[in-house]
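What follows is the content of target_4.txt (compact mmCIF, C-alpha atoms).
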# COMPACT_ATOMS: atom_id res chain seq x y z
CA MET A 1 2.82 -9.59 -26.43
CA ILE A 2 2.92 -9.25 -22.64
CA HIS A 3 5.93 -10.99 -21.14
CA ILE A 4 4.88 -12.55 -17.80
CA GLU A 5 7.53 -14.40 -15.85
CA LYS A 6 7.54 -15.29 -12.17
CA GLU A 7 11.08 -16.61 -12.50
CA ILE A 8 12.50 -13.17 -13.27
CA PHE A 9 12.88 -13.07 -9.48
CA THR A 10 15.14 -15.60 -7.79
CA VAL A 11 14.10 -16.53 -4.24
CA GLU A 12 17.08 -16.65 -1.90
CA ASN A 13 17.67 -15.72 1.73
CA ASP A 14 13.99 -14.70 2.10
CA LEU A 15 14.36 -12.16 -0.72
CA LEU A 16 13.19 -12.03 -4.33
CA THR A 17 16.20 -10.79 -6.28
CA LEU A 18 16.56 -9.69 -9.91
CA VAL A 19 19.57 -11.81 -10.73
CA GLU A 20 19.39 -11.04 -14.47
CA TRP A 21 19.93 -7.30 -13.93
CA GLN A 22 22.77 -8.09 -11.52
CA LYS A 23 24.51 -10.20 -14.14
CA GLU A 24 23.88 -7.96 -17.15
CA HIS A 25 24.05 -4.49 -15.63
CA LYS A 26 25.59 -4.88 -12.15
CA ILE A 27 22.38 -3.51 -10.67
CA THR A 28 21.11 -4.90 -7.38
CA ALA A 29 17.33 -4.93 -7.15
CA GLY A 30 14.66 -7.00 -5.49
CA PHE A 31 11.58 -7.36 -3.35
CA THR A 32 11.37 -8.56 0.23
CA THR A 33 9.06 -11.29 1.45
CA LYS A 34 7.30 -11.22 4.81
CA ASN A 35 9.83 -13.73 6.16
CA GLY A 36 13.19 -13.45 7.89
CA GLY A 37 12.64 -10.64 10.39
CA GLU A 38 11.93 -10.07 14.08
CA SER A 39 8.43 -8.58 14.08
CA VAL A 40 5.62 -10.54 15.75
CA ASN A 41 1.85 -11.08 15.61
CA GLN A 42 0.23 -9.59 12.49
CA PHE A 43 3.62 -8.18 11.47
CA THR A 44 5.41 -11.53 11.47
CA SER A 45 8.14 -11.26 10.62
CA LEU A 46 9.96 -8.91 8.19
CA ASN A 47 7.79 -5.81 8.45
CA LEU A 48 9.76 -2.82 7.14
CA SER A 49 7.30 0.05 7.66
CA TYR A 50 7.15 2.47 10.59
CA THR A 51 3.55 3.47 9.82
CA VAL A 52 1.54 0.28 10.44
CA GLY A 53 1.69 0.06 14.24
CA ASP A 54 4.69 -2.23 14.65
CA ASN A 55 7.40 -1.62 17.25
CA GLN A 56 9.68 1.07 15.82
CA ALA A 57 12.90 -0.41 17.21
CA THR A 58 12.05 -3.79 15.70
CA VAL A 59 11.37 -2.24 12.30
CA LEU A 60 14.74 -0.53 12.41
CA LYS A 61 16.39 -3.87 13.23
CA ASN A 62 14.61 -5.46 10.28
CA ARG A 63 15.77 -2.69 7.96
CA LYS A 64 19.38 -2.86 9.10
CA SER A 65 19.35 -6.64 8.73
CA LEU A 66 18.10 -6.24 5.16
CA ALA A 67 20.84 -3.71 4.44
CA GLU A 68 23.42 -6.22 5.65
CA LYS A 69 21.97 -8.94 3.40
CA ILE A 70 22.18 -6.66 0.37
CA GLY A 71 25.60 -5.34 1.32
CA ILE A 72 24.84 -1.59 1.14
CA PRO A 73 25.17 0.44 4.38
CA TYR A 74 21.83 1.52 5.82
CA GLU A 75 23.05 5.12 5.79
CA LYS A 76 22.92 5.01 1.98
CA TRP A 77 19.21 4.11 1.80
CA VAL A 78 16.51 6.57 0.72
CA PHE A 79 12.81 6.12 1.50
CA SER A 80 9.97 8.19 0.08
CA GLY A 81 6.88 9.45 1.90
CA GLN A 82 4.41 7.64 -0.34
CA ASN A 83 0.98 9.21 -0.67
CA HIS A 84 -0.53 7.58 -3.80
CA THR A 85 0.57 10.44 -6.03
CA LYS A 86 2.20 10.56 -9.45
CA ASN A 87 5.04 12.71 -8.11
CA ILE A 88 8.60 11.80 -9.12
CA ALA A 89 11.84 12.90 -7.43
CA GLU A 90 15.49 12.71 -8.42
CA VAL A 91 17.65 11.39 -5.59
CA THR A 92 21.30 12.30 -4.95
CA MET A 93 23.85 11.48 -2.26
CA ALA A 94 22.55 14.48 -0.33
CA ASP A 95 19.30 12.55 0.23
CA CYS A 96 20.92 9.47 1.77
CA GLY A 97 19.30 8.59 5.07
CA ALA A 98 15.98 10.20 4.21
CA GLY A 99 13.24 8.15 5.88
CA ALA A 100 15.75 5.86 7.58
CA GLU A 101 14.90 6.76 11.16
CA SER A 102 11.29 7.90 10.72
CA PHE A 103 8.55 8.12 8.10
CA GLU A 104 8.45 11.90 8.50
CA SER A 105 12.08 12.26 7.42
CA GLY A 106 11.45 10.57 4.06
CA ILE A 107 11.15 12.44 0.77
CA ALA A 108 7.66 13.82 1.22
CA ASN A 109 4.69 13.19 -1.05
CA VAL A 110 6.64 11.19 -3.64
CA ASP A 111 5.78 7.78 -5.15
CA GLY A 112 8.56 7.50 -7.72
CA MET A 113 12.31 8.01 -7.34
CA TYR A 114 15.29 7.80 -9.65
CA THR A 115 19.02 8.43 -9.50
CA LYS A 116 22.06 8.46 -11.75
CA GLU A 117 24.48 8.05 -8.84
CA SER A 118 26.02 4.81 -7.61
CA GLY A 119 25.82 3.50 -4.07
CA ILE A 120 22.32 4.83 -3.27
CA VAL A 121 19.49 2.41 -2.45
CA LEU A 122 16.06 3.60 -3.56
CA ALA A 123 13.36 1.93 -1.46
CA ALA A 124 9.56 1.86 -1.57
CA PHE A 125 6.90 0.03 0.49
CA PHE A 126 4.24 -2.38 -0.74
CA ALA A 127 1.44 -4.62 0.47
CA ASP A 128 -0.58 -5.16 -2.75
CA CYS A 129 0.33 -2.03 -4.74
CA THR A 130 2.54 -2.51 -7.78
CA PRO A 131 6.33 -2.09 -7.65
CA ILE A 132 7.85 -1.01 -10.95
CA TYR A 133 11.61 -1.05 -11.54
CA PHE A 134 13.20 1.07 -14.26
CA ILE A 135 16.71 1.11 -15.68
CA ALA A 136 18.37 2.92 -18.57
CA PRO A 137 21.88 1.42 -18.52
CA LYS A 138 23.32 3.71 -21.22
CA HIS A 139 22.45 6.71 -19.06
CA ASN A 140 23.35 5.15 -15.67
CA LEU A 141 19.77 5.69 -14.52
CA ILE A 142 17.76 3.51 -12.14
CA GLY A 143 14.36 4.09 -10.56
CA ILE A 144 11.43 2.63 -8.68
CA VAL A 145 7.71 3.47 -8.63
CA HIS A 146 4.96 2.69 -6.14
CA ALA A 147 1.70 2.33 -8.10
CA GLY A 148 -1.55 1.54 -6.34
CA TRP A 149 -4.90 1.92 -8.06
CA SER A 150 -4.83 5.69 -7.52
CA GLY A 151 -1.31 6.20 -8.83
CA SER A 152 -2.04 3.90 -11.76
CA ILE A 153 -5.14 5.87 -12.73
CA GLN A 154 -3.09 9.07 -12.42
CA GLU A 155 -0.59 7.41 -14.79
CA ILE A 156 2.47 7.52 -12.59
CA SER A 157 4.40 5.25 -14.98
CA ARG A 158 3.77 7.71 -17.81
CA ALA A 159 4.94 10.58 -15.59
CA PHE A 160 8.10 8.66 -14.69
CA VAL A 161 9.04 7.81 -18.27
CA LYS A 162 8.35 11.34 -19.46
CA LYS A 163 10.74 12.58 -16.79
CA TRP A 164 13.45 10.34 -18.25
CA PHE A 165 12.57 11.48 -21.76
CA SER A 166 13.29 15.03 -20.59
CA LEU A 167 16.79 13.83 -19.65
CA GLY A 168 17.43 12.61 -23.18
CA VAL A 169 16.58 8.93 -22.66
CA LYS A 170 14.93 7.17 -25.60
CA ALA A 171 12.06 4.72 -25.15
CA LYS A 172 14.04 1.79 -26.55
CA GLU A 173 16.78 2.40 -23.94
CA ILE A 174 14.44 1.80 -20.98
CA GLU A 175 14.02 -1.63 -19.39
CA VAL A 176 11.19 -2.30 -16.93
CA ILE A 177 10.21 -5.03 -14.49
CA ILE A 178 6.74 -4.94 -12.93
CA GLY A 179 6.99 -6.79 -9.64
CA PRO A 180 4.72 -8.74 -7.26
CA SER A 181 1.35 -7.11 -6.59
CA ALA A 182 -2.34 -7.88 -6.25
CA SER A 183 -3.37 -9.83 -9.33
CA GLN A 184 -6.56 -9.10 -11.23
CA SER A 185 -8.03 -12.45 -10.18
CA ALA A 186 -7.76 -11.50 -6.50
CA TYR A 187 -8.17 -7.71 -6.46
CA HIS A 188 -11.77 -6.53 -5.94
CA VAL A 189 -12.74 -2.86 -6.31
CA GLY A 190 -15.93 -0.82 -6.39
CA ALA A 191 -17.76 0.96 -9.18
CA ASP A 192 -16.06 4.30 -8.55
CA ILE A 193 -12.62 2.92 -9.28
CA ALA A 194 -13.86 0.91 -12.26
CA LYS A 195 -15.43 4.05 -13.71
CA ALA A 196 -12.20 5.99 -13.27
CA VAL A 197 -10.30 3.27 -15.14
CA ALA A 198 -12.89 3.19 -17.93
CA ASN A 199 -12.50 6.95 -18.36
CA MET A 200 -8.74 6.77 -18.85
CA GLU A 201 -7.50 7.80 -22.28
CA LEU A 202 -5.52 4.59 -22.66
CA LEU A 203 -7.03 2.59 -25.52
CA ASP A 204 -7.20 -0.77 -23.73
CA ALA A 205 -7.71 0.44 -20.14
CA ARG A 206 -11.14 -1.24 -19.95
CA ASP A 207 -9.39 -4.60 -20.35
CA ALA A 208 -7.93 -4.09 -16.86
CA ILE A 209 -11.45 -4.38 -15.40
CA ILE A 210 -13.66 -7.45 -15.01
CA ASP A 211 -17.31 -6.71 -14.17
CA LEU A 212 -18.62 -9.15 -11.55
CA GLY A 213 -22.06 -7.56 -11.33
CA ASN A 214 -23.67 -5.77 -8.38
CA GLU A 215 -21.18 -2.92 -8.84
CA GLN A 216 -18.24 -5.16 -7.99
CA PHE A 217 -15.20 -5.43 -10.23
CA LYS A 218 -11.73 -6.90 -10.45
CA LEU A 219 -8.78 -4.66 -11.30
CA ASP A 220 -5.35 -5.27 -12.87
CA THR A 221 -3.13 -2.36 -11.83
CA ALA A 222 -0.01 -3.98 -13.29
CA TYR A 223 -1.66 -4.03 -16.71
CA LEU A 224 -2.66 -0.37 -16.43
CA ASN A 225 0.98 0.54 -15.92
CA TYR A 226 2.05 -1.77 -18.74
CA LEU A 227 -0.31 0.09 -21.08
CA GLN A 228 1.22 3.42 -20.11
CA LEU A 229 4.68 2.11 -20.97
CA ILE A 230 3.58 0.66 -24.30
CA ASP A 231 1.76 3.89 -25.14
CA LEU A 232 5.09 5.72 -24.77
CA ASP A 233 6.73 3.30 -27.22
CA ILE A 234 8.76 1.28 -24.76
CA PRO A 235 9.21 -2.04 -26.60
CA ALA A 236 7.15 -4.90 -25.22
CA ASP A 237 10.32 -7.01 -25.13
CA ASN A 238 11.79 -4.49 -22.66
CA ILE A 239 8.98 -5.06 -20.12
CA ILE A 240 8.65 -8.12 -17.90
CA MET A 241 5.71 -8.65 -15.54
CA SER A 242 5.99 -10.90 -12.50
CA SER A 243 3.17 -13.38 -11.96
CA TYR A 244 3.54 -13.34 -8.16
CA CYS A 245 0.32 -12.25 -6.43
CA THR A 246 0.66 -10.64 -3.01
CA ILE A 247 -2.90 -11.62 -2.07
CA SER A 248 -2.76 -15.26 -3.16
CA ASP A 249 0.86 -16.08 -2.25
CA LYS A 250 0.15 -16.10 1.49
CA ASP A 251 3.40 -17.77 2.51
CA LEU A 252 5.53 -15.07 0.90
CA PHE A 253 3.78 -11.73 1.20
CA PHE A 254 1.94 -9.34 3.46
CA SER A 255 -1.37 -8.23 1.94
CA PHE A 256 -3.48 -5.32 3.15
CA ARG A 257 -6.43 -6.48 1.05
CA ARG A 258 -6.24 -9.98 2.50
CA ASP A 259 -5.39 -9.26 6.13
CA GLY A 260 -6.11 -5.61 6.91
CA GLU A 261 -3.63 -4.61 9.62
CA THR A 262 -0.36 -6.12 8.47
CA GLY A 263 3.26 -5.39 7.54
CA ARG A 264 4.85 -4.00 4.42
CA MET A 265 7.38 -5.41 1.97
CA LEU A 266 10.10 -3.31 0.39
CA GLY A 267 11.11 -2.92 -3.22
CA TYR A 268 14.70 -1.72 -3.63
CA ILE A 269 17.19 -0.90 -6.36
CA THR A 270 20.81 0.30 -6.36
CA GLN A 271 23.79 0.48 -8.73

Could you write out this structure as C-alpha cells?
Amino acid sequence: MIHIEKEIFTVENDLLTLVEWQKEHKITAGFTTKNGGESVNQFTSLNLSYTVGDNQATVLKNRKSLAEKIGIPYEKWVFSGQNHTKNIAEVTMADCGAGAESFESGIANVDGMYTKESGIVLAAFFADCTPIYFIAPKHNLIGIVHAGWSGSIQEISRAFVKKWFSLGVKAKEIEVIIGPSASQSAYHVGADIAKAVANMELLDARDAIIDLGNEQFKLDTAYLNYLQLIDLDIPADNIIMSSYCTISDKDLFFSFRRDGETGRMLGYITQ
C-alpha cells in the first residue's frame, strides 16, 4: 500500500523539514519553499538557482541565508550539475563547495548524489521534478535524487538503489521519502512521453499515465519512482510519498510548468 503523507514535512521558517528523520536518525533534510528570500519579480523570493536568469549576487545571498537557517556552513554544501540523467555520484569532503559559486563548478552531469561522511550538505534543484531522499542508517549513508520525467523513465531511482546494493546495503535497510513535485492531476505531457512510460518494463508503469484524449496525458513521476523502489524489494512501509503538489500549491512553490520563467527550490540532506 502506498503511504502518502503531506505531514511528513513540517513547515517552519519558510522551509519544509523532515522532523521525523531528525528525531530518529539525527539527519537534517528538507525542501525549500519559494518564500523567505531576496529575489524579485518572477523569482520572488527564495530562488536558489544561478541558471534561471536571476541576479547572481542575490542568489548567493539566498543560499547563504538558507545555510544559516540550517546551521551548516555554506562551504560544506555540494551542488550537482543536473542534466536529467540517471548518473549517480559519491560525494566526499573533497567535493565541498562544488557548485557553490557557479553552476559550472558543480558536479557535472549528475542527478543523484550520496555520501557516508558527516557534515556535508547534498543539494539539488527543483521546480516540478521529483525530489527523492534516501537513507540507510546502519551504513551511515544518505542521498538525494532529482527525477524529472526523463530521469524517471531512465529509472534513476533503480540506478541509485543498485549503487547502494553494490556497497552491501540490503533493501530492507533503505528508507525513502518522495518529496513535493508535480502531481499527476496537474502534470500534462504529450504522447511521446506517455509512450515511453508505457514501454517501461515496470509492471504497473501504465498506471502512472491518464489518457485525456487528443494525444494529451497526465503523468505521475513520483509513482514511477515508487515502482522502481518496490521492484527492488524496498518495503512499502519504508517509503513515504508527500502529497504536496508544486503546480497546485501556488503559495509555497515555484513551478516551471505553471509559470514558465521562474525560480527553483532546493532539496537538501546532511548528517

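Proximity to Leu202 of chain A at 12 Å, evaluated using all atoms listed in the file and with sequence-adjacent residues fewer than 3 positions away removed, yields Ser152, Ile153, Gln154, Glu155, Arg158, Ala196, Val197, Ala198, Asn199, Ala205, Arg206, Asp207, Ala208, Tyr223, Leu224, Asn225, Tyr226, Leu227, Gln228, Leu229, Ile230, Asp231 and Leu232 of chain A.
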
Those residues you just picked out, can you put them in a file as a PDB file, in the frame of the given file with C-alpha atoms?
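Dumped everything to result.pdb:
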ATOM      1  CA  SER A 152      -2.040   3.900 -11.760  1.00  0.00           C
ATOM      2  CA  ILE A 153      -5.140   5.870 -12.730  1.00  0.00           C
ATOM      3  CA  GLN A 154      -3.090   9.070 -12.420  1.00  0.00           C
ATOM      4  CA  GLU A 155      -0.590   7.410 -14.790  1.00  0.00           C
ATOM      5  CA  ARG A 158       3.770   7.710 -17.810  1.00  0.00           C
ATOM      6  CA  ALA A 196     -12.200   5.990 -13.270  1.00  0.00           C
ATOM      7  CA  VAL A 197     -10.300   3.270 -15.140  1.00  0.00           C
ATOM      8  CA  ALA A 198     -12.890   3.190 -17.930  1.00  0.00           C
ATOM      9  CA  ASN A 199     -12.500   6.950 -18.360  1.00  0.00           C
ATOM     10  CA  ALA A 205      -7.710   0.440 -20.140  1.00  0.00           C
ATOM     11  CA  ARG A 206     -11.140  -1.240 -19.950  1.00  0.00           C
ATOM     12  CA  ASP A 207      -9.390  -4.600 -20.350  1.00  0.00           C
ATOM     13  CA  ALA A 208      -7.930  -4.090 -16.860  1.00  0.00           C
ATOM     14  CA  TYR A 223      -1.660  -4.030 -16.710  1.00  0.00           C
ATOM     15  CA  LEU A 224      -2.660  -0.370 -16.430  1.00  0.00           C
ATOM     16  CA  ASN A 225       0.980   0.540 -15.920  1.00  0.00           C
ATOM     17  CA  TYR A 226       2.050  -1.770 -18.740  1.00  0.00           C
ATOM     18  CA  LEU A 227      -0.310   0.090 -21.080  1.00  0.00           C
ATOM     19  CA  GLN A 228       1.220   3.420 -20.110  1.00  0.00           C
ATOM     20  CA  LEU A 229       4.680   2.110 -20.970  1.00  0.00           C
ATOM     21  CA  ILE A 230       3.580   0.660 -24.300  1.00  0.00           C
ATOM     22  CA  ASP A 231       1.760   3.890 -25.140  1.00  0.00           C
ATOM     23  CA  LEU A 232       5.090   5.720 -24.770  1.00  0.00           C
TER      24      LEU A 232
END

Shortest contact to Thr28 of chain A, candidates A:Ala100, A:Val189, A:Ile72, A:Met265, atoms counted all atoms listed in the file, goes to A:Ile72

Rounded to one decimal place, report the atom CA of Pro73 of chain A-atom CA of Gln42 of chain A distance in Å. 28.1 Å

Within-9 Å shell of (7.0, 9.0, -11.1) in input frame, all atoms listed in the file, as a PyMOL selection string: chain A and resi 85-89+110-114+143-146+155-163

May I have the residues within 7 Å of Lys34 of chain A as a list in words, using only C-alpha atoms and disregarding those fewer than 6 positions away in the same chain? Thr44, Ser45, Leu46, Asn47, Leu252, Phe253, Phe254 and Met265 of chain A

Which is closest to His25 of chain A among A:Ser255, A:Asn238, A:Asn140, A:Gln184, if we use only C-alpha atoms?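 Nearest candidate to His25 of chain A out of A:Ser255, A:Asn238, A:Asn140, A:Gln184: A:Asn140.
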
Between A:Val59, A:Asp54, A:Leu122, A:Glu173, which one has atoms that come closest to Lys76 of chain A, using only C-alpha atoms? A:Leu122

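Relative to atom CA of Gln82 of chain A, atom CA of Gly106 of chain A is found at 8.8 Å.
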
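In terms of minimum interatomic distance to Ile210 of chain A, A:Ala186 ranks closest within A:Trp149, A:Ala186, A:Ala222, A:Arg257, counting all atoms listed in the file.
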
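Compared by their closest atoms to Ile132 of chain A, and using only C-alpha atoms, the residues A:Cys96, A:Ala108, A:Ile27, A:Ile240 rank with A:Ile240 nearest.
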
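Closest approach to Thr51 of chain A among A:Glu104, A:Gly179, A:Leu203, A:Pro137 is made by A:Glu104 (distances from only C-alpha atoms).
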
Could you give me segment 20-36 of chain A completed to N, CA, C and O atoms, formatted as a short mmCIF file (atom, residue, chain, number, x, y, z; two decimals), in the frame of the given file?
data_model
loop_
_atom_site.label_atom_id
_atom_site.label_comp_id
_atom_site.auth_asym_id
_atom_site.auth_seq_id
_atom_site.Cartn_x
_atom_site.Cartn_y
_atom_site.Cartn_z
N GLU A 20 19.06 -11.37 -13.08
CA GLU A 20 19.39 -11.04 -14.47
C GLU A 20 19.98 -9.65 -14.58
O GLU A 20 20.97 -9.43 -15.27
N TRP A 21 19.39 -8.67 -13.89
CA TRP A 21 19.93 -7.30 -13.93
C TRP A 21 21.29 -7.23 -13.24
O TRP A 21 22.14 -6.45 -13.62
N GLN A 22 21.47 -8.05 -12.19
CA GLN A 22 22.77 -8.09 -11.52
C GLN A 22 23.85 -8.59 -12.46
O GLN A 22 24.94 -8.02 -12.54
N LYS A 23 23.53 -9.63 -13.22
CA LYS A 23 24.51 -10.20 -14.14
C LYS A 23 24.78 -9.29 -15.33
O LYS A 23 25.94 -9.10 -15.73
N GLU A 24 23.73 -8.73 -15.91
CA GLU A 24 23.88 -7.96 -17.15
C GLU A 24 24.31 -6.52 -16.91
O GLU A 24 25.07 -5.96 -17.71
N HIS A 25 23.84 -5.92 -15.81
CA HIS A 25 24.05 -4.49 -15.63
C HIS A 25 24.71 -4.11 -14.31
O HIS A 25 24.90 -2.93 -14.04
N LYS A 26 25.02 -5.11 -13.48
CA LYS A 26 25.59 -4.88 -12.15
C LYS A 26 24.68 -3.99 -11.30
O LYS A 26 25.13 -3.13 -10.54
N ILE A 27 23.40 -4.22 -11.44
CA ILE A 27 22.38 -3.51 -10.67
C ILE A 27 21.75 -4.48 -9.68
O ILE A 27 21.33 -5.57 -10.05
N THR A 28 21.73 -4.09 -8.41
CA THR A 28 21.11 -4.90 -7.38
C THR A 28 19.69 -4.42 -7.14
O THR A 28 19.48 -3.24 -6.84
N ALA A 29 18.73 -5.30 -7.32
CA ALA A 29 17.33 -4.93 -7.15
C ALA A 29 16.55 -6.14 -6.68
O ALA A 29 16.91 -7.28 -6.98
N GLY A 30 15.47 -5.88 -5.95
CA GLY A 30 14.66 -7.00 -5.49
C GLY A 30 13.45 -6.56 -4.70
O GLY A 30 13.10 -5.38 -4.65
N PHE A 31 12.83 -7.56 -4.07
CA PHE A 31 11.58 -7.36 -3.35
C PHE A 31 11.61 -8.28 -2.14
O PHE A 31 11.91 -9.46 -2.26
N THR A 32 11.33 -7.73 -0.97
CA THR A 32 11.37 -8.56 0.23
C THR A 32 10.12 -9.43 0.32
O THR A 32 9.07 -9.11 -0.25
N THR A 33 10.22 -10.50 1.06
CA THR A 33 9.06 -11.29 1.45
C THR A 33 8.67 -10.87 2.86
O THR A 33 9.28 -9.97 3.45
N LYS A 34 7.68 -11.53 3.43
CA LYS A 34 7.30 -11.22 4.81
C LYS A 34 8.14 -12.01 5.81
O LYS A 34 7.94 -11.88 7.03
N ASN A 35 9.08 -12.80 5.32
CA ASN A 35 9.83 -13.73 6.16
C ASN A 35 11.25 -13.25 6.44
O ASN A 35 11.84 -12.53 5.65
N GLY A 36 11.79 -13.69 7.60
CA GLY A 36 13.19 -13.45 7.89
C GLY A 36 13.47 -12.29 8.82
O GLY A 36 14.62 -11.87 8.95
#
